[in-house]
Amino acid sequence: MSTQTELINQTEVSKFELSNLASNEDIAEYIKETIPQSHLENCSAIRYEPVPNELYPNAKGTFERDTHQICIWGEQFAGPQELIATMTHEIGHNVHENIIVNNPEIANKWSDLHQQSLATYQEDGFGFVTD
């Protein structure tokens with residue numbers, strides 16, 4: 001298994017071999033085939049660390065808002081699918097942060113819809129709202 005860092009545009013993918021579930025190449029290939037490249041905008045790194053996060057020991061993944069770095073943590077994954085699902089979830093945080101910064105009007109609309117859905121959920125148990 002190669003331990004070489006993979007590069008997707010400006011995003012470094014590293015240390016996934018330590019997971020024993022996927023290689024850097026596997027992760028990079030999945031991202032290239034599945035996730036729009038624009039979703040990685042401003043994300044400098046996606047890496048695996050074999051130890052739990054010190055601040056959030058139960059976290060499977062974290063997204064750092066100031067650096068836009070994603071880290072997948074620890075040996076708590078049932079298999080490669082769960083690892084990839086966690087990574088994809090964290091990439092979603094990167095997308096959301098970019099929208100907050102670059103399109104605040106959309107972010108505000110999302111926030112309003114979310115608040116409406118919470119209120120609707122409390123009323124009817126569904127929470128579906130639309131614009």
# chains A, B, ... in the order shown; residues from 1 in each chain; ligands from 1
$ select_by_dssp --residues "chain A" --states "strand (DSSP E)" --output "list in words"
Glu6, Leu7, Ile8, Thr11, Glu12, Val13, Ser14, Ala45, Ile46, Arg47, Tyr48, Glu49, Gly61, Thr62, Phe63, Glu64, Gln69, Ile70, Cys71, Ile72 and Trp73 of chain A
$ write_last_selection --atoms "C-alpha atoms" --output "CSV table (one decimal), in the first residue's frame"
chain,number,residue,atom,x,y,z
A,6,GLU,CA,-2.4,12.3,-2.8
A,7,LEU,CA,-3.3,15.7,-4.1
A,8,ILE,CA,-6.8,16.7,-5.4
A,11,THR,CA,-6.3,19.4,-1.1
A,12,GLU,CA,-3.8,17.0,0.4
A,13,VAL,CA,-5.1,13.5,1.3
A,14,SER,CA,-2.8,11.8,3.8
A,45,ALA,CA,-6.1,18.8,3.9
A,46,ILE,CA,-8.0,15.7,4.6
A,47,ARG,CA,-6.1,13.4,6.9
A,48,TYR,CA,-6.5,10.3,9.1
A,49,GLU,CA,-5.2,10.2,12.6
A,61,GLY,CA,-14.3,13.4,12.2
A,62,THR,CA,-13.7,17.1,12.6
A,63,PHE,CA,-13.7,20.2,10.4
A,64,GLU,CA,-11.5,23.1,11.5
A,69,GLN,CA,-8.8,21.1,7.4
A,70,ILE,CA,-10.6,17.8,7.8
A,71,CYS,CA,-9.4,15.1,10.1
A,72,ILE,CA,-10.8,11.6,10.5
A,73,TRP,CA,-10.1,10.2,13.9
$ atom_distance --atom1 "atom CA of Tyr56 of chain A" --atom2 "atom CA of Asp26 of chain A"
26.5 Å
$ residues_around --residues "segment 93-102 of chain A" --least-positions-apart "3" --cutoff "7 Å" --atoms "only C-alpha atoms" --output "PDB file with C-alpha atoms, in the first residue's frame"
ATOM      1  CA  HIS A  39     -16.785  21.089  -2.590  1.00  0.00           C
ATOM      2  CA  CYS A  43      -9.923  22.705   2.062  1.00  0.00           C
ATOM      3  CA  PHE A  63     -13.670  20.173  10.394  1.00  0.00           C
ATOM      4  CA  HIS A  68     -10.680  24.291   6.545  1.00  0.00           C
ATOM      5  CA  HIS A  89     -20.008  14.503   6.091  1.00  0.00           C
ATOM      6  CA  GLU A  90     -16.970  16.599   7.030  1.00  0.00           C
ATOM      7  CA  ALA A 107     -26.778  30.928   4.445  1.00  0.00           C
TER       8      ALA A 107
END
$ residues_around --residues "Val129 of chain A" --least-positions-apart "4" --cutoff "10 Å" --atoms "only C-alpha atoms" --output "number ranges by chain"
A: 113-121
$ write_last_selection --atoms "N, CA and C atoms" --output "mmCIF file, in the first residue's frame"
data_model
loop_
_atom_site.group_PDB
_atom_site.id
_atom_site.type_symbol
_atom_site.label_atom_id
_atom_site.label_comp_id
_atom_site.auth_asym_id
_atom_site.auth_seq_id
_atom_site.Cartn_x
_atom_site.Cartn_y
_atom_site.Cartn_z
ATOM 1 N N LEU A 113 -34.982 28.675 7.071
ATOM 2 C CA LEU A 113 -35.717 27.443 6.759
ATOM 3 C C LEU A 113 -35.515 26.393 7.848
ATOM 4 N N HIS A 114 -34.299 26.312 8.362
ATOM 5 C CA HIS A 114 -34.017 25.352 9.436
ATOM 6 C C HIS A 114 -34.843 25.678 10.676
ATOM 7 N N GLN A 115 -34.883 26.945 11.060
ATOM 8 C CA GLN A 115 -35.669 27.345 12.225
ATOM 9 C C GLN A 115 -37.152 27.061 12.009
ATOM 10 N N GLN A 116 -37.650 27.330 10.804
ATOM 11 C CA GLN A 116 -39.050 27.032 10.486
ATOM 12 C C GLN A 116 -39.311 25.530 10.563
ATOM 13 N N SER A 117 -38.358 24.742 10.073
ATOM 14 C CA SER A 117 -38.555 23.287 10.086
ATOM 15 C C SER A 117 -38.571 22.753 11.512
ATOM 16 N N LEU A 118 -37.737 23.333 12.387
ATOM 17 C CA LEU A 118 -37.757 22.912 13.792
ATOM 18 C C LEU A 118 -39.114 23.214 14.427
ATOM 19 N N ALA A 119 -39.638 24.397 14.162
ATOM 20 C CA ALA A 119 -40.949 24.771 14.710
ATOM 21 C C ALA A 119 -42.039 23.867 14.154
ATOM 22 N N THR A 120 -41.997 23.604 12.852
ATOM 23 C CA THR A 120 -42.995 22.740 12.219
ATOM 24 C C THR A 120 -42.891 21.319 12.762
ATOM 25 N N TYR A 121 -41.667 20.845 12.980
ATOM 26 C CA TYR A 121 -41.471 19.497 13.527
ATOM 27 C C TYR A 121 -42.110 19.386 14.908
#
$ atom_distance --atom1 "atom CA of Thr3 of chain A" --atom2 "atom CA of Ala22 of chain A"
10.9 Å
$ atom_distance --atom1 "atom CA of Asn20 of chain A" --atom2 "atom CA of Ile35 of chain A"
22.7 Å
$ select_by_dssp --residues "segment 38-131 of chain A" --states "helix (DSSP H, G or I)" --output "compact mmCIF listing (two decimals) with N, CA and C atoms, in the first residue's frame"
# COMPACT_ATOMS: atom_id res chain seq x y z
N SER A 38 -15.61 21.40 -6.58
CA SER A 38 -15.87 22.69 -5.93
C SER A 38 -16.13 22.52 -4.43
N HIS A 39 -16.53 21.33 -4.01
CA HIS A 39 -16.79 21.09 -2.59
C HIS A 39 -15.50 21.10 -1.76
N LEU A 40 -14.36 20.98 -2.43
CA LEU A 40 -13.07 21.00 -1.73
C LEU A 40 -12.45 22.39 -1.70
N PRO A 80 -14.75 0.42 5.76
CA PRO A 80 -14.41 1.56 4.89
C PRO A 80 -15.60 2.45 4.56
N GLN A 81 -16.80 1.89 4.47
CA GLN A 81 -17.98 2.70 4.14
C GLN A 81 -18.25 3.75 5.21
N GLU A 82 -18.09 3.37 6.47
CA GLU A 82 -18.33 4.32 7.55
C GLU A 82 -17.25 5.41 7.56
N LEU A 83 -16.02 5.03 7.29
CA LEU A 83 -14.94 6.01 7.20
C LEU A 83 -15.23 7.01 6.08
N ILE A 84 -15.62 6.52 4.92
CA ILE A 84 -15.93 7.38 3.77
C ILE A 84 -17.15 8.25 4.05
N ALA A 85 -18.16 7.69 4.70
CA ALA A 85 -19.36 8.48 5.04
C ALA A 85 -19.00 9.62 5.99
N THR A 86 -18.12 9.34 6.95
CA THR A 86 -17.68 10.38 7.89
C THR A 86 -16.92 11.47 7.16
N MET A 87 -16.01 11.08 6.27
CA MET A 87 -15.24 12.05 5.50
C MET A 87 -16.17 12.91 4.64
N THR A 88 -17.14 12.29 4.00
CA THR A 88 -18.09 13.01 3.15
C THR A 88 -18.89 14.01 3.98
N HIS A 89 -19.30 13.61 5.17
CA HIS A 89 -20.01 14.50 6.09
C HIS A 89 -19.14 15.73 6.41
N GLU A 90 -17.87 15.49 6.70
CA GLU A 90 -16.97 16.60 7.03
C GLU A 90 -16.75 17.52 5.83
N ILE A 91 -16.69 16.96 4.63
CA ILE A 91 -16.59 17.79 3.42
C ILE A 91 -17.83 18.69 3.33
N GLY A 92 -18.98 18.18 3.75
CA GLY A 92 -20.19 19.00 3.78
C GLY A 92 -20.04 20.22 4.68
N HIS A 93 -19.31 20.07 5.79
CA HIS A 93 -19.04 21.23 6.65
C HIS A 93 -18.20 22.27 5.90
N ASN A 94 -17.25 21.80 5.09
CA ASN A 94 -16.44 22.72 4.29
C ASN A 94 -17.33 23.49 3.31
N VAL A 95 -18.23 22.79 2.66
CA VAL A 95 -19.16 23.44 1.72
C VAL A 95 -20.00 24.48 2.46
N HIS A 96 -20.53 24.10 3.60
CA HIS A 96 -21.38 25.00 4.38
C HIS A 96 -20.60 26.25 4.80
N GLU A 97 -19.38 26.06 5.28
CA GLU A 97 -18.56 27.21 5.69
C GLU A 97 -18.28 28.13 4.51
N ASN A 98 -18.01 27.56 3.35
CA ASN A 98 -17.78 28.39 2.15
C ASN A 98 -19.03 29.18 1.79
N ILE A 99 -20.20 28.57 1.94
CA ILE A 99 -21.45 29.28 1.64
C ILE A 99 -21.67 30.41 2.63
N ILE A 100 -21.40 30.17 3.90
CA ILE A 100 -21.55 31.22 4.91
C ILE A 100 -20.68 32.43 4.55
N VAL A 101 -19.46 32.17 4.14
CA VAL A 101 -18.52 33.25 3.82
C VAL A 101 -18.83 33.90 2.48
N ASN A 102 -19.09 33.08 1.46
CA ASN A 102 -19.21 33.60 0.10
C ASN A 102 -20.63 33.98 -0.32
N PRO A 104 -23.64 34.83 2.00
CA PRO A 104 -24.36 34.95 3.27
C PRO A 104 -25.87 35.00 3.13
N GLU A 105 -26.36 35.50 1.98
CA GLU A 105 -27.82 35.55 1.80
C GLU A 105 -28.40 34.14 1.71
N ILE A 106 -27.70 33.23 1.07
CA ILE A 106 -28.15 31.83 1.01
C ILE A 106 -28.05 31.20 2.40
N ALA A 107 -26.96 31.47 3.09
CA ALA A 107 -26.78 30.93 4.44
C ALA A 107 -27.89 31.40 5.36
N ASN A 108 -28.27 32.67 5.26
CA ASN A 108 -29.37 33.20 6.08
C ASN A 108 -30.69 32.54 5.73
N LYS A 109 -30.92 32.32 4.43
CA LYS A 109 -32.16 31.66 4.01
C LYS A 109 -32.21 30.23 4.56
N TRP A 110 -31.08 29.52 4.49
CA TRP A 110 -31.01 28.17 5.05
C TRP A 110 -31.30 28.18 6.54
N SER A 111 -30.71 29.14 7.23
CA SER A 111 -30.92 29.23 8.67
C SER A 111 -32.40 29.47 8.99
N ASP A 112 -33.02 30.37 8.23
CA ASP A 112 -34.45 30.64 8.42
C ASP A 112 -35.29 29.38 8.17
N LEU A 113 -34.98 28.68 7.07
CA LEU A 113 -35.72 27.44 6.76
C LEU A 113 -35.51 26.39 7.85
N HIS A 114 -34.30 26.31 8.36
CA HIS A 114 -34.02 25.35 9.44
C HIS A 114 -34.84 25.68 10.68
N GLN A 115 -34.88 26.94 11.06
CA GLN A 115 -35.67 27.34 12.22
C GLN A 115 -37.15 27.06 12.01
N GLN A 116 -37.65 27.33 10.80
CA GLN A 116 -39.05 27.03 10.49
C GLN A 116 -39.31 25.53 10.56
N SER A 117 -38.36 24.74 10.07
CA SER A 117 -38.55 23.29 10.09
C SER A 117 -38.57 22.75 11.51
N LEU A 118 -37.74 23.33 12.39
CA LEU A 118 -37.76 22.91 13.79
C LEU A 118 -39.11 23.21 14.43
N ALA A 119 -39.64 24.40 14.16
CA ALA A 119 -40.95 24.77 14.71
C ALA A 119 -42.04 23.87 14.15
N THR A 120 -42.00 23.60 12.85
CA THR A 120 -42.99 22.74 12.22
C THR A 120 -42.89 21.32 12.76
N TYR A 121 -41.67 20.85 12.98
CA TYR A 121 -41.47 19.50 13.53
C TYR A 121 -42.11 19.39 14.91
N GLN A 122 -41.94 20.41 15.73
CA GLN A 122 -42.54 20.38 17.06
C GLN A 122 -44.06 20.37 16.99
N GLU A 123 -44.61 20.99 15.95
CA GLU A 123 -46.07 21.05 15.80
C GLU A 123 -46.65 19.76 15.21
N ASP A 124 -46.02 19.25 14.14
CA ASP A 124 -46.64 18.13 13.43
C ASP A 124 -45.79 16.86 13.34
$ decode --residues "segment 22-81 of chain A" --atoms "C-alpha atoms" --output "compact mmCIF listing (two decimals), in the first residue's frame"
# COMPACT_ATOMS: atom_id res chain seq x y z
CA ALA A 22 -8.44 2.56 2.85
CA SER A 23 -5.38 4.07 1.23
CA ASN A 24 -4.78 7.71 0.35
CA GLU A 25 -5.25 6.66 -3.26
CA ASP A 26 -8.60 4.98 -2.47
CA ILE A 27 -9.84 8.13 -0.73
CA ALA A 28 -8.63 10.45 -3.49
CA GLU A 29 -10.21 8.25 -6.16
CA TYR A 30 -13.54 8.18 -4.29
CA ILE A 31 -13.54 11.97 -3.94
CA LYS A 32 -12.65 12.53 -7.60
CA GLU A 33 -15.38 10.14 -8.79
CA THR A 34 -18.12 11.11 -6.34
CA ILE A 35 -17.78 14.62 -4.95
CA PRO A 36 -17.86 17.83 -7.01
CA GLN A 37 -14.38 19.34 -6.94
CA SER A 38 -15.87 22.69 -5.93
CA HIS A 39 -16.79 21.09 -2.59
CA LEU A 40 -13.07 21.00 -1.73
CA GLU A 41 -12.60 24.74 -2.28
CA ASN A 42 -10.42 26.18 0.54
CA CYS A 43 -9.92 22.70 2.06
CA SER A 44 -6.15 22.33 2.37
CA ALA A 45 -6.07 18.85 3.90
CA ILE A 46 -8.04 15.69 4.59
CA ARG A 47 -6.09 13.37 6.86
CA TYR A 48 -6.52 10.34 9.06
CA GLU A 49 -5.20 10.15 12.63
CA PRO A 50 -5.21 6.74 14.34
CA VAL A 51 -5.86 8.21 17.80
CA PRO A 52 -9.03 9.81 19.20
CA ASN A 53 -9.36 13.59 19.11
CA GLU A 54 -8.23 14.97 22.48
CA LEU A 55 -11.03 17.54 22.80
CA TYR A 56 -13.78 15.33 21.35
CA PRO A 57 -12.78 11.70 21.96
CA ASN A 58 -16.02 10.31 20.50
CA ALA A 59 -15.79 12.37 17.29
CA LYS A 60 -15.20 10.31 14.18
CA GLY A 61 -14.32 13.40 12.17
CA THR A 62 -13.70 17.10 12.61
CA PHE A 63 -13.67 20.17 10.39
CA GLU A 64 -11.55 23.13 11.48
CA ARG A 65 -13.33 26.32 10.46
CA ASP A 66 -10.24 28.53 10.54
CA THR A 67 -7.99 26.26 8.44
CA HIS A 68 -10.68 24.29 6.54
CA GLN A 69 -8.77 21.10 7.40
CA ILE A 70 -10.61 17.83 7.84
CA CYS A 71 -9.40 15.08 10.14
CA ILE A 72 -10.83 11.58 10.47
CA TRP A 73 -10.11 10.20 13.94
CA GLY A 74 -9.35 6.88 15.55
CA GLU A 75 -9.99 3.23 14.98
CA GLN A 76 -13.72 3.26 15.64
CA PHE A 77 -15.01 2.57 12.13
CA ALA A 78 -17.03 -0.55 11.31
CA GLY A 79 -15.53 -0.57 7.82
CA PRO A 80 -14.41 1.56 4.89
CA GLN A 81 -17.98 2.70 4.14
